[in-house]
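All remarks here apply to the structure that follows.
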Amino acid sequence: MSGNNHQFAFFLGCIAPNRYPGIESAAIRTGKKLGIDLVPLKGASCCPAPGAFGSIDLNVWYAMAARNLVLAEQMGMDIALICNGCYKSIWEVNHKLKHNAELRDAVNEVLKEVDMEFKGTINVYHLAELYYNDEICGLAKLKDSVNTPLTGVKVACHYGCHLLKPRKDREFAGDVIGDTEHPTWFEELVDALGAEAVEYRNKMQCCGAGGGVRGYDIAHALDITNEKLINMTDAGAEAIVDTCPFCQLQFDRGQFEIQEKFGVEWNLPVLHFCEMLGLAQGMSPVELGLDLHQISCNPFLDKINGGQ
Amino acid sequence: MVYSGKKASESSEPPVEPRIGVFICHCGTNIAGSLDVIAVKEYALTLPHVVVSENYAYMCSTPGQNMIHDAIEKDHLTGIVVAACTPRLHEPTFRTATANGGLNPFRFEMANIRDQGSWVHMHDWDGGTEKAKDAVRIAVAKATMLEDLYPMAVPVEHRAMVVGAGVAGIQTSMDLAKAGIETYLIEKEPTIGGRMSQLDKTFPTLDCSQCILSPKMAEAGRMPGIRLFTLAEVEAVEGYIGNFDVTIRRHARGVLTPDEAAAKGIVGGGCTGCGDCSQVCPVVRPNTWEFGMAPRKAIYIQHAQVVPLIYTIDFDACVKCGLCETACGTKKAIDLNMEDELFTVKVGTVILATGYETFPIEEKSEWGYKLYDNVISSLEFERLICASGPTIGHLVRPSDGETPMSVGFVLCAGSRDNTGIGKPYCSRFCCMYSLKHAHQVIEKIPGCKAYIFYMDIRSFGKAYEEFYYRIQHEGAKFIRGRVAQIQELPNKNLLVIAEDTLLGMPVEIEVDLVVLAAAVQPTAETEVVRRLFGVSCSADKWLLEAHPKLDPCGTTTAGVYLAGVCQGPKDIPDTVAQAEGAASAASIPIHSGQVELEPYYAQCVEKLCAGCGMCVGQCPYSALSMIVADDGRTVMTVTAAKCKGCGTCGGFCPGGAIRMQHFTSPQILAQIDAFFLGGEQ
């Protein structure tokens, strides 16, 4: 692509490439149209998962995340990623190591064993944040890239926890983070694609999976998910859009589990924002791997543009 | 400061050999418990010029002061050093003792061995003792070089000014006026009355707020000793205690008072408050005094009891159609071309009473204020429950006008909040007014439930705790724990999600209406006024009193006093009490007729002054100016009454021509030498 493009080291995480490969391909291909070149971060490990590793041993968490950061530092590129969990680990460790010399020295002691050193030369961004950031893309450019607007559908935006919280020290799209209780930027992104974002109760509630809850107590996790599904459908949502593959897994796979365990049937399609953007830019459902979702996306696809 | 002593003109040649007395205070165990006062006393005797050194348990006591007094006479001392607490606390005490012994009070020097000694080196006996010796040595060095100084007396203008006409400002002005002091009362709104006039009832007596305030407002409005200026703001301030020149901007009201009309030769003219103008005015705007919940015209009064009862034109909204002029008829009260006026008054003392405003609770967006129709603030509640309010006292939900059958009161809405969004301090009256609100809904709406979500109930005043029990017995439900979130349900009801810390479990309660007891903060104008008068503020921007316990009405700027919530949150009784205190404090210099200024002002040594004028621009108090001296050269001169003795000019002067009294270069050099060279000078 042209030299004016912004290049980022693309950190994939684990769930997107393994469970929803469509998110990966959508991110790369939609990014190209918006001047965002995603260059694979070769040799990347697990982020590591903030709930799993961070709850058990912070030193391992710091060191593994720092190793991923060093890979990007060696490429001389900022990191872009597509998962809230990865964002929590990689953004936060980057921030902590940049601002805490003692911690940085301790982590570098560990990294020395693999001939690496964390220098603190790069930044970490969520792709959704780059879409919203006027200096990188911005709403106008996003809207310009749409050739098949997703009109006629109502969607419920799920922000997910780790992207915005904790609020302290976080930035968003180049600014100090704004309202974390009633944010609206995700709705603005969705509106730019032509779909209608609905307000629903408990918008900022967890999907149910994060923090190891899904692994520890699946019934409890599904209970939370079920409440979100009630609130979303109450508001008339015909699909869920998220910024996090783990939330997506919980909503998508979770609807099957809810049916098995509680006997409640929802059939609400779940899409990552990159997938929804891909549709709006004219990519086919098969190119986006939507047929690999557990809950069929067809009712949603049939509804777009009055079913054409 | 009263003292006996020889005037400079009478004094004989200063003694060739200084004779210094040193007095070490134990301050109980404050000092003696952490360092060796006996060692310090004995060390002092080894210093040059020290002829007597004593130690005593409490130097500030009468026997302690008498030791100084007696030693001056017996040992013919020329300088006194007390090693004790701080000059802030006891310099005046020991100056008086020095003067009573027959020495000039400025022959006294203090060594701070408590606040900067024993207290900070509490666990270092030897180190603390050595530091105390250093402090004493330095003080003695300066004491040997001190000179007689004489405070200047300046006359005090027999007038006062009060900025802000809420209940604090009204009370202060009335007290001053009754004490025979002509008082300017300056209010930025078109009427006096402040926040208290917006309240319905007052706790714990449940008096109607307007019923007790309106007579005071009316009396203040017609008292001959009060010169009331509404719709007016302080524009500029010059001068110092006794002689403040304050410039006031009177915003164009567009309407003449009867006096103003008479002055213009309009016989029987001026506004009578009849309201004919407002009836014909075609422009409708939200009434900000009712928080936008009622309409008003572009020519308006805020409410029925305004003082003065004069209409006001909102020139931002007025379309100048002239219908009001026609309706006003022969009274000719309306002047659509009126402009702001500036005038300057001279006053002796000033009281600031600029009040408070509520914290913007929408910033705590988890509670949904301004997002959900049925989440209102407590001041909005006051207007909705008030008989003279927009709903004639019928409490309604804003979404549909229905009577709420359950109301949630969220206390500490932004107060006691260390998240960085809200305010860390307690706003101090929210507990009590929320109890009052709960009482009002239970009393006015049969069957209506009141839920009070609280962190602690602080009912600290006289008859307040009893009021708390009363509301409990009336059936209000108390849930202890901060509210985490408020959600709007599809029927516009609200789900209040909180933790009940007494039950140790989360609670969710559905209510029809939520009232947020918002934190309070100083008004935006307070910062402007504060800077104009040079008054300090605390980290949270409340105006800073001179001493939190011993001088709660004064400020560090002589002649400027504080009253009411601008100094920190307080309820009506405390506000009125402080207002009376401020009036008393502000009347003392006025009734004395003169004040003495500390003689620490700079002096220009004319023969050294090259007339470069650089110092004039450096002075933060505009105390310096250039004059032509007798020999025809241009030199600097100091207006002593304006000089605060900060030393900026003295430190800057390239020719060393500025002499700082009590902090002369030889005195400071002697201190530095004493520190670095030890006892050998």
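FYI, nothing fancy with the structure tokens labels: chains A, B, ... in order, residues from 1 per chain, ligands from 1 as they appear.
Within 9 Å of chain B, and using only C-alpha atoms, the residues found on chain A are Asp179, Thr180, Glu181, His182, Arg201, Asn202 and Ala235 of chain A.
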Residues within 8 Å of Ala498 in chain B, only C-alpha atoms, excluding chain neighbours under 3 positions, as a count of residues only:
8
Helix (DSSP H, G or I) per DSSP on the backbone: members of range 247-292 of chain A, as a ChimeraX atom specification
/A:247-262,273-280,290-292
Would you kindly return, as an NGL selection string, each protein, DNA or RNA residue with an atom no farther than 6 Å from any atom of Val156 in chain B, considering only C-alpha atoms and excluding same-chain residues fewer than 6 positions away?
:B and (242 or 348 or 590 or 593-594)
Only all heavy atoms, please: the residues just picked out, written as an mmCIF file, in the first residue's frame.
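Written file, result_13.cif:
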```cif
data_model
loop_
_atom_site.group_PDB
_atom_site.id
_atom_site.type_symbol
_atom_site.label_atom_id
_atom_site.label_comp_id
_atom_site.auth_asym_id
_atom_site.auth_seq_id
_atom_site.Cartn_x
_atom_site.Cartn_y
_atom_site.Cartn_z
ATOM 1 N N GLY B 242 -8.057 49.437 55.670
ATOM 2 C CA GLY B 242 -8.405 50.813 56.031
ATOM 3 C C GLY B 242 -8.678 51.677 54.829
ATOM 4 O O GLY B 242 -9.421 52.660 54.919
ATOM 5 N N GLY B 348 -13.047 50.657 54.388
ATOM 6 C CA GLY B 348 -11.997 50.305 55.344
ATOM 7 C C GLY B 348 -11.751 48.813 55.399
ATOM 8 O O GLY B 348 -10.610 48.359 55.451
ATOM 9 N N ILE B 590 -12.475 49.549 61.991
ATOM 10 C CA ILE B 590 -13.226 50.752 61.615
ATOM 11 C C ILE B 590 -13.516 51.581 62.856
ATOM 12 O O ILE B 590 -13.327 52.808 62.868
ATOM 13 C CB ILE B 590 -14.522 50.364 60.869
ATOM 14 C CG1 ILE B 590 -14.156 49.789 59.495
ATOM 15 C CG2 ILE B 590 -15.450 51.568 60.742
ATOM 16 C CD1 ILE B 590 -15.326 49.329 58.672
ATOM 17 N N GLY B 593 -10.558 53.329 64.229
ATOM 18 C CA GLY B 593 -10.242 54.536 63.472
ATOM 19 C C GLY B 593 -8.878 54.484 62.810
ATOM 20 O O GLY B 593 -8.600 55.221 61.891
ATOM 21 N N GLN B 594 -8.011 53.603 63.306
ATOM 22 C CA GLN B 594 -6.715 53.471 62.658
ATOM 23 C C GLN B 594 -6.156 52.076 62.885
ATOM 24 O O GLN B 594 -6.528 51.398 63.827
ATOM 25 C CB GLN B 594 -5.735 54.523 63.169
ATOM 26 C CG GLN B 594 -5.412 54.399 64.659
ATOM 27 C CD GLN B 594 -4.300 55.357 65.031
ATOM 28 O OE1 GLN B 594 -4.228 56.469 64.540
ATOM 29 N NE2 GLN B 594 -3.413 54.912 65.910
#
```
When you look at range 538-541 of chain B with a cut-off of 8 Å (counting only C-alpha atoms), what residues show up, excluding the ones that are within fewer than 6 positions of it in the same chain? I need them as a list in words.
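The neighbour list is Lys423, Gln521, Pro522 and Glu527 of chain B.
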Write the residues of the preceding selection, restricted to C-alpha atoms, as a PDB file, in the first residue's frame.
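What landed in again.pdb:
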```pdb
ATOM      1  CA  LYS B 423     -14.925  16.074  45.969  1.00  0.00           C
ATOM      2  CA  GLN B 521     -18.065  23.719  45.505  1.00  0.00           C
ATOM      3  CA  PRO B 522     -17.199  27.434  45.574  1.00  0.00           C
ATOM      4  CA  GLU B 527     -11.883  32.516  42.315  1.00  0.00           C
TER       5      GLU B 527
END
```
If I take CA of Glu189 in chain B and CA of Phe343 in chain B, how far is one from the other in Å, to one decimal?
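Answer for the CA of Glu189 in chain B to CA of Phe343 in chain B separation: 18.0 Å.
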Using only C-alpha atoms, which protein or nucleic acid residues come within 10 Å of range 625-636 of chain B? Drop anything in the same chain fewer than 6 positions from it, and give the result as number ranges by chain.
B: 603-617, 619, 657-658
Just-selected residues, N, CA, C and O atoms written as a short mmCIF file (atom, residue, chain, number, x, y, z; two decimals), in the first residue's frame:
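The result, stored in out18.cif:
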```
data_model
loop_
_atom_site.label_atom_id
_atom_site.label_comp_id
_atom_site.auth_asym_id
_atom_site.auth_seq_id
_atom_site.Cartn_x
_atom_site.Cartn_y
_atom_site.Cartn_z
N GLN B 603 12.78 50.47 52.30
CA GLN B 603 13.16 51.88 52.25
C GLN B 603 14.17 52.07 51.13
O GLN B 603 15.02 51.21 50.93
N CYS B 604 14.06 53.20 50.44
CA CYS B 604 15.03 53.49 49.38
C CYS B 604 16.14 54.38 49.95
O CYS B 604 15.86 55.42 50.55
N VAL B 605 17.37 53.92 49.79
CA VAL B 605 18.51 54.76 50.20
C VAL B 605 18.84 55.63 48.98
O VAL B 605 19.47 55.17 48.03
N GLU B 606 18.34 56.87 49.03
CA GLU B 606 18.33 57.69 47.81
C GLU B 606 19.72 57.90 47.23
O GLU B 606 19.90 57.91 46.02
N LYS B 607 20.73 58.04 48.09
CA LYS B 607 22.05 58.36 47.54
C LYS B 607 22.65 57.16 46.78
O LYS B 607 23.53 57.32 45.96
N LEU B 608 22.13 55.96 47.04
CA LEU B 608 22.61 54.78 46.30
C LEU B 608 21.75 54.49 45.07
O LEU B 608 22.14 53.75 44.18
N CYS B 609 20.53 55.04 45.04
CA CYS B 609 19.59 54.69 43.97
C CYS B 609 20.01 55.35 42.66
O CYS B 609 20.21 56.56 42.61
N ALA B 610 20.16 54.51 41.61
CA ALA B 610 20.57 55.03 40.30
C ALA B 610 19.36 55.43 39.47
O ALA B 610 19.50 55.89 38.35
N GLY B 611 18.16 55.18 39.98
CA GLY B 611 16.94 55.57 39.25
C GLY B 611 16.65 54.70 38.05
O GLY B 611 16.00 55.13 37.11
N CYS B 612 17.11 53.43 38.09
CA CYS B 612 16.89 52.57 36.92
C CYS B 612 15.42 52.16 36.80
O CYS B 612 14.93 51.87 35.72
N GLY B 613 14.71 52.12 37.94
CA GLY B 613 13.27 51.84 37.90
C GLY B 613 12.91 50.38 37.74
O GLY B 613 11.73 50.03 37.63
N MET B 614 13.91 49.49 37.73
CA MET B 614 13.61 48.07 37.54
C MET B 614 12.75 47.51 38.66
O MET B 614 11.93 46.62 38.46
N CYS B 615 12.92 48.04 39.87
CA CYS B 615 12.20 47.50 41.02
C CYS B 615 10.70 47.77 40.93
O CYS B 615 9.89 46.98 41.42
N VAL B 616 10.33 48.86 40.26
CA VAL B 616 8.92 49.26 40.23
C VAL B 616 8.06 48.16 39.60
O VAL B 616 7.01 47.79 40.12
N GLY B 617 8.57 47.60 38.51
CA GLY B 617 7.83 46.54 37.84
C GLY B 617 7.85 45.22 38.61
O GLY B 617 6.97 44.39 38.45
N CYS B 619 7.56 44.88 41.89
CA CYS B 619 6.74 44.89 43.11
C CYS B 619 5.36 44.30 42.84
O CYS B 619 4.62 44.80 42.00
N ALA B 657 20.39 49.51 46.81
CA ALA B 657 19.88 50.77 47.34
C ALA B 657 18.61 50.59 48.15
O ALA B 657 18.07 51.56 48.67
N ILE B 658 18.10 49.36 48.20
CA ILE B 658 16.84 49.15 48.92
C ILE B 658 17.12 48.42 50.21
O ILE B 658 17.78 47.39 50.25
#
```
Test item: residues at most 6 Å from Gly120 in chain A, only C-alpha atoms, excluding those fewer than 2 positions along its chain, as an MDAnalysis selection string:
chainID A and resid 98 118 122
Next, dump the selected residues to file, keeping only all heavy atoms, as a compact mmCIF listing (two decimals), in the first residue's frame.
```
# COMPACT_ATOMS: atom_id res chain seq x y z
N LYS A 98 6.74 1.35 31.56
CA LYS A 98 7.25 2.68 31.18
C LYS A 98 7.33 3.60 32.38
O LYS A 98 8.12 4.54 32.38
CB LYS A 98 6.34 3.31 30.13
CG LYS A 98 6.58 2.84 28.70
CD LYS A 98 5.70 3.64 27.75
CE LYS A 98 5.90 3.24 26.31
NZ LYS A 98 5.07 4.04 25.41
N PHE A 118 13.32 -4.82 27.36
CA PHE A 118 12.20 -3.90 27.16
C PHE A 118 12.73 -2.48 27.23
O PHE A 118 13.38 -2.09 28.20
CB PHE A 118 11.13 -4.12 28.24
CG PHE A 118 10.02 -3.10 28.18
CD1 PHE A 118 8.93 -3.29 27.33
CD2 PHE A 118 10.07 -1.93 28.95
CE1 PHE A 118 7.93 -2.35 27.27
CE2 PHE A 118 9.06 -0.99 28.87
CZ PHE A 118 7.98 -1.21 28.03
N ILE A 122 7.36 1.89 22.28
CA ILE A 122 6.16 1.81 21.44
C ILE A 122 4.89 2.01 22.28
O ILE A 122 4.92 1.97 23.49
CB ILE A 122 6.05 0.46 20.70
CG1 ILE A 122 6.00 -0.70 21.72
CG2 ILE A 122 7.19 0.28 19.72
CD1 ILE A 122 5.26 -1.89 21.19
```
Could you check the closest approach to Phe359 in chain B for each of B:Gly475, B:Pro48, B:Gly422, B:Pro295 and tell me which residue wins, using only C-alpha atoms?
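Of the candidates, the smallest distance to Phe359 in chain B is held by B:Gly422.
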What's the 10 Å shell around Ala179 in chain B, counting only C-alpha atoms, without same-chain residues fewer than 5 positions away, as a count of residues only?
7
DSSP strand (DSSP E) residues within range 127-173 of chain A, as a ChimeraX atom specification
/A:154-158,171-172
Output all heavy atoms for every residue in that selection, as a JSON list (two decimals), in the first residue's frame.
```
[["chain", "number", "residue", "atom", "x", "y", "z"],
["A", 154, "LYS", "N", -31.12, -3.19, 13.81],
["A", 154, "LYS", "CA", -30.79, -2.64, 15.13],
["A", 154, "LYS", "C", -29.78, -3.56, 15.80],
["A", 154, "LYS", "O", -29.97, -4.77, 15.84],
["A", 154, "LYS", "CB", -32.04, -2.58, 16.00],
["A", 154, "LYS", "CG", -33.07, -1.56, 15.54],
["A", 154, "LYS", "CD", -34.26, -1.56, 16.47],
["A", 154, "LYS", "CE", -35.19, -0.40, 16.12],
["A", 154, "LYS", "NZ", -36.37, -0.39, 16.98],
["A", 155, "VAL", "N", -28.70, -2.96, 16.32],
["A", 155, "VAL", "CA", -27.69, -3.78, 16.98],
["A", 155, "VAL", "C", -27.39, -3.23, 18.38],
["A", 155, "VAL", "O", -27.52, -2.03, 18.63],
["A", 155, "VAL", "CB", -26.38, -3.86, 16.16],
["A", 155, "VAL", "CG1", -26.62, -4.50, 14.82],
["A", 155, "VAL", "CG2", -25.75, -2.49, 16.01],
["A", 156, "ALA", "N", -27.03, -4.17, 19.25],
["A", 156, "ALA", "CA", -26.64, -3.79, 20.61],
["A", 156, "ALA", "C", -25.12, -3.82, 20.70],
["A", 156, "ALA", "O", -24.50, -4.84, 20.40],
["A", 156, "ALA", "CB", -27.24, -4.76, 21.63],
["A", 157, "CYS", "N", -24.51, -2.71, 21.10],
["A", 157, "CYS", "CA", -23.06, -2.64, 21.22],
["A", 157, "CYS", "C", -22.62, -3.16, 22.58],
["A", 157, "CYS", "O", -23.14, -2.75, 23.61],
["A", 157, "CYS", "CB", -22.58, -1.20, 21.08],
["A", 157, "CYS", "SG", -22.97, -0.49, 19.49],
["A", 158, "HIS", "N", -21.66, -4.07, 22.57],
["A", 158, "HIS", "CA", -21.08, -4.53, 23.83],
["A", 158, "HIS", "C", -19.62, -4.08, 23.86],
["A", 158, "HIS", "O", -18.81, -4.51, 23.05],
["A", 158, "HIS", "CB", -21.17, -6.06, 23.93],
["A", 158, "HIS", "CG", -20.45, -6.60, 25.13],
["A", 158, "HIS", "ND1", -21.00, -6.56, 26.38],
["A", 158, "HIS", "CD2", -19.22, -7.16, 25.26],
["A", 158, "HIS", "CE1", -20.14, -7.07, 27.25],
["A", 158, "HIS", "NE2", -19.06, -7.43, 26.60],
["A", 171, "GLU", "N", -6.03, 6.08, 28.10],
["A", 171, "GLU", "CA", -6.36, 7.05, 27.08],
["A", 171, "GLU", "C", -7.24, 6.35, 26.07],
["A", 171, "GLU", "O", -7.30, 5.12, 26.01],
["A", 171, "GLU", "CB", -5.09, 7.56, 26.40],
["A", 171, "GLU", "CG", -4.27, 8.44, 27.29],
["A", 171, "GLU", "CD", -3.13, 9.09, 26.53],
["A", 171, "GLU", "OE1", -2.91, 8.71, 25.38],
["A", 171, "GLU", "OE2", -2.49, 9.97, 27.10],
["A", 172, "PHE", "N", -7.94, 7.13, 25.28],
["A", 172, "PHE", "CA", -8.72, 6.54, 24.22],
["A", 172, "PHE", "C", -8.64, 7.45, 23.00],
["A", 172, "PHE", "O", -8.93, 8.63, 23.09],
["A", 172, "PHE", "CB", -10.18, 6.35, 24.64],
["A", 172, "PHE", "CG", -11.01, 5.76, 23.54],
["A", 172, "PHE", "CD1", -10.94, 4.41, 23.28],
["A", 172, "PHE", "CD2", -11.82, 6.56, 22.74],
["A", 172, "PHE", "CE1", -11.67, 3.85, 22.25],
["A", 172, "PHE", "CE2", -12.55, 6.00, 21.71],
["A", 172, "PHE", "CZ", -12.48, 4.65, 21.47]]
```
Of the candidates A:Leu164, A:Ile82, A:Ser145, A:Ile304, which shows the shortest atom-to-atom distance to Gly22 in chain A, using only C-alpha atoms?
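Looking only at the distances to Gly22 in chain A, the closest residue turns out to be A:Ile82.
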